[in-house]
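Please read the structure below before turning to the comments.
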Amino acid sequence: MKLGIFGGTFNPPHIGHLIVAERVREEMELDRIIFIPSYISPHKHEGEEHLAHHRFEMTRLTVEEDQNIECLDVELKKGGTSFTVGTLEYLHSEHPDHELYLMIGMDNYHTFHTWKDPERILELATLVVMNRPNFQPKLNPHIKSSKISFATVPHIDISSTDIRKRVLRGESIRYLVTEKVRLYIAKQNLYK
């Protein structure tokens with residue numbers, strides 16, 4: 001089975017995450033996509049752990065109606081800083097016969113060589129770099145591996161940061177997130 005791994009803070013998860021996940025699943029012929037919310041991202045330190053339970057629950061709600069996508073709380077259960085290599089080690093031990101495909105954006109691809117143990121990551125998974133249409137990717141000279149694929153995903157001008165700001169200003173986030181997530185944010189009084 002071919003599993004796409006889509007990690008992130010998902011603070012909150014939005015429609016754009018679903019659109020690019022489906023595009024990558026289809027283009028790379030993956031069987032499933034697994035969303036994995038981080039506990040604390042090594043690249044962001046904005047008190048994410050305080051909202052970890054909420055971020056997981058919103059991500060679960062976002063994907064629950066799609067039979068091709070699931071959400072795992074492996075990084076939340078582990079706690080601490082969420083390093084991709086540790087998560088991939090865990091998934092590989094749980095599913096040794098599955099092929100893992102790590103989905104990352106072009107920005108992360110250019111800094112991938114600075115991640116914790118990038119060589120081991122490439123032993124465990126193929127990198128799937130999400131690239132915008134009609135954009136010629138600039139190869140990262142620090143990555144010496146053939147286990148890299150580029151998937152073309154649409155440019156979607158939706159960001160979790162903007163959604164949080166809209167909530168804070170009392171503006172609508174309808175159609176930026178799923179309806180279940182919109183209601184969850186309101187009920188839990190998040191981002192205010």
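Ordering of the structure tokens sets the chain letters (A, B, ...), residue numbers begin anew at 1 in every chain, and ligands are numbered from 1 in the order given.
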- Message: Need to verify the contact set: Val167 of chain A, 12 Å, only C-alpha atoms, exclusion of same-chain residues closer than 5 positions in sequence. Can you return it as an NGL selection string?
- Response: :A and (12 or 160-162 or 172-174 or 176-177 or 182-183 or 185-186 or 189-192)
Counting only C-alpha atoms, which residues of segment 83-136 of chain A fall within 12 Å of segment 16-35 of chain A, and what is the closest atom pair for each with its distance in Å at one decimal, ordered by chain and rising number, as CSV?
residue,atom,partner,partner_atom,distance
A:Thr87,CA,A:Ile34,CA,11.7
A:Leu88,CA,A:Ile34,CA,11.6
A:Leu91,CA,A:Ile34,CA,10.4
A:His98,CA,A:Asp31,CA,10.1
A:Glu99,CA,A:Leu30,CA,9.3
A:Leu100,CA,A:Leu30,CA,9.4
A:Tyr101,CA,A:Leu30,CA,8.4
A:Leu102,CA,A:Ile33,CA,9.8
A:Met103,CA,A:Val24,CA,8.2
A:Ile104,CA,A:Val24,CA,10.6
A:Gly105,CA,A:Val20,CA,10.2
A:Thr126,CA,A:Met28,CA,10.9
A:Leu127,CA,A:Met28,CA,11.2
A:Val128,CA,A:Val24,CA,8.2
A:Val129,CA,A:Val24,CA,9.4
A:Met130,CA,A:Val24,CA,7.7
A:Asn131,CA,A:Val20,CA,9.9
A:Arg132,CA,A:Val20,CA,10.2
A:Pro133,CA,A:Arg23,CA,11.9
- Task: Compare A:Ala151, A:Ile163, A:Leu124, A:Glu75 by their minimum atom-to-atom distance to Asp97 of chain A, counting only C-alpha atoms, and give me the closest one.
- Result: A:Leu124
- Based on DSSP run over this structure's backbone, return all residues of segment 12-96 of chain A in strand (DSSP E or B), as a count of residues only. 11
- Message: If I take atom CA of Leu76 of chain A and atom CA of His92 of chain A, how far is one from the other in Å, to one decimal?
- Response: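 So the two atoms, atom CA of Leu76 of chain A and atom CA of His92 of chain A, lie 17.8 Å apart.
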- Message: Between atom CA of Thr62 of chain A and atom CA of Leu168 of chain A, what is the distance in Å, rounded to a tenth?
- Response: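 Atom CA of Leu168 of chain A lies 20.9 Å from atom CA of Thr62 of chain A.
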- Task: Mind listing the alpha helix (DSSP H) residues of segment 4-153 of chain A, per DSSP on the backbone, as JSON, numbers by chain?
- Result: {"A": [15, 16, 17, 18, 19, 20, 21, 22, 23, 24, 25, 26, 27, 52, 53, 54, 55, 56, 57, 58, 59, 60, 61, 62, 63, 74, 75, 76, 77, 78, 84, 85, 86, 87, 88, 89, 90, 91, 92, 93, 94, 106, 107, 108, 109, 110, 111, 118, 119, 120, 121, 122, 123, 124]}
Limited to C-alpha atoms, could you put the picked residues into a file as a JSON list (two decimals), in the first residue's frame?
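Okay, this is what ended up in selection-v3.json:
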[["chain", "number", "residue", "atom", "x", "y", "z"],
["A", 15, "ILE", "CA", -10.00, 23.43, 2.51],
["A", 16, "GLY", "CA", -6.64, 24.04, 0.81],
["A", 17, "HIS", "CA", -5.13, 21.14, 2.75],
["A", 18, "LEU", "CA", -7.83, 18.82, 1.40],
["A", 19, "ILE", "CA", -7.44, 20.05, -2.17],
["A", 20, "VAL", "CA", -3.67, 19.52, -2.31],
["A", 21, "ALA", "CA", -3.91, 16.18, -0.51],
["A", 22, "GLU", "CA", -6.41, 14.89, -3.05],
["A", 23, "ARG", "CA", -4.33, 16.19, -5.95],
["A", 24, "VAL", "CA", -1.19, 14.48, -4.64],
["A", 25, "ARG", "CA", -3.08, 11.25, -3.92],
["A", 26, "GLU", "CA", -4.39, 11.19, -7.45],
["A", 27, "GLU", "CA", -1.18, 12.25, -9.22],
["A", 52, "ALA", "CA", -2.69, 20.40, 20.27],
["A", 53, "HIS", "CA", -5.91, 18.62, 21.23],
["A", 54, "HIS", "CA", -8.02, 21.17, 19.33],
["A", 55, "ARG", "CA", -5.78, 21.00, 16.24],
["A", 56, "PHE", "CA", -6.04, 17.21, 16.20],
["A", 57, "GLU", "CA", -9.81, 17.27, 16.66],
["A", 58, "MET", "CA", -10.27, 19.86, 13.89],
["A", 59, "THR", "CA", -8.04, 17.83, 11.56],
["A", 60, "ARG", "CA", -10.00, 14.67, 12.36],
["A", 61, "LEU", "CA", -13.25, 16.50, 11.64],
["A", 62, "THR", "CA", -11.81, 17.86, 8.38],
["A", 63, "VAL", "CA", -10.98, 14.43, 6.96],
["A", 74, "VAL", "CA", 1.01, 9.79, 16.83],
["A", 75, "GLU", "CA", 2.92, 13.07, 17.36],
["A", 76, "LEU", "CA", 0.48, 14.33, 19.97],
["A", 77, "LYS", "CA", 0.76, 11.07, 21.93],
["A", 78, "LYS", "CA", 4.54, 11.27, 21.80],
["A", 84, "THR", "CA", 9.56, 13.89, 10.88],
["A", 85, "VAL", "CA", 12.21, 11.19, 11.10],
["A", 86, "GLY", "CA", 10.73, 9.85, 14.36],
["A", 87, "THR", "CA", 7.23, 9.79, 12.93],
["A", 88, "LEU", "CA", 8.40, 7.95, 9.81],
["A", 89, "GLU", "CA", 10.32, 5.44, 11.97],
["A", 90, "TYR", "CA", 7.10, 4.76, 13.88],
["A", 91, "LEU", "CA", 4.97, 4.42, 10.73],
["A", 92, "HIS", "CA", 7.57, 2.14, 9.13],
["A", 93, "SER", "CA", 7.60, -0.11, 12.20],
["A", 94, "GLU", "CA", 3.78, -0.27, 12.19],
["A", 106, "MET", "CA", 8.51, 23.75, -2.04],
["A", 107, "ASP", "CA", 9.62, 26.00, 0.87],
["A", 108, "ASN", "CA", 10.36, 22.94, 3.03],
["A", 109, "TYR", "CA", 12.11, 21.20, 0.12],
["A", 110, "HIS", "CA", 14.66, 24.03, -0.09],
["A", 111, "THR", "CA", 15.51, 23.67, 3.62],
["A", 118, "PRO", "CA", 17.36, 13.95, 6.26],
["A", 119, "GLU", "CA", 19.27, 10.92, 4.98],
["A", 120, "ARG", "CA", 17.24, 8.59, 7.19],
["A", 121, "ILE", "CA", 14.02, 10.28, 6.10],
["A", 122, "LEU", "CA", 14.93, 9.47, 2.49],
["A", 123, "GLU", "CA", 15.61, 5.85, 3.44],
["A", 124, "LEU", "CA", 12.14, 5.59, 4.94]]
- Query: How far is it from atom CA of Ser146 of chain A to atom CA of Phe10 of chain A, in Å with one decimal?
  - Reply: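 Going from atom CA of Ser146 of chain A over to atom CA of Phe10 of chain A covers 29.2 Å.
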- Task: Using only C-alpha atoms, find the one residue out of A:Gly8, A:Gln67, A:Pro141, A:Ile148 that sits nearest to Ser82 of chain A.
- Result: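 For Ser82 of chain A, the nearest of the given residues is A:Gly8.
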- Query: Between A:Gln188, A:Asp117, A:Lys2, A:Asn134, which is the closest to Leu51 of chain A once you count only C-alpha atoms?
  - Reply: A:Gln188
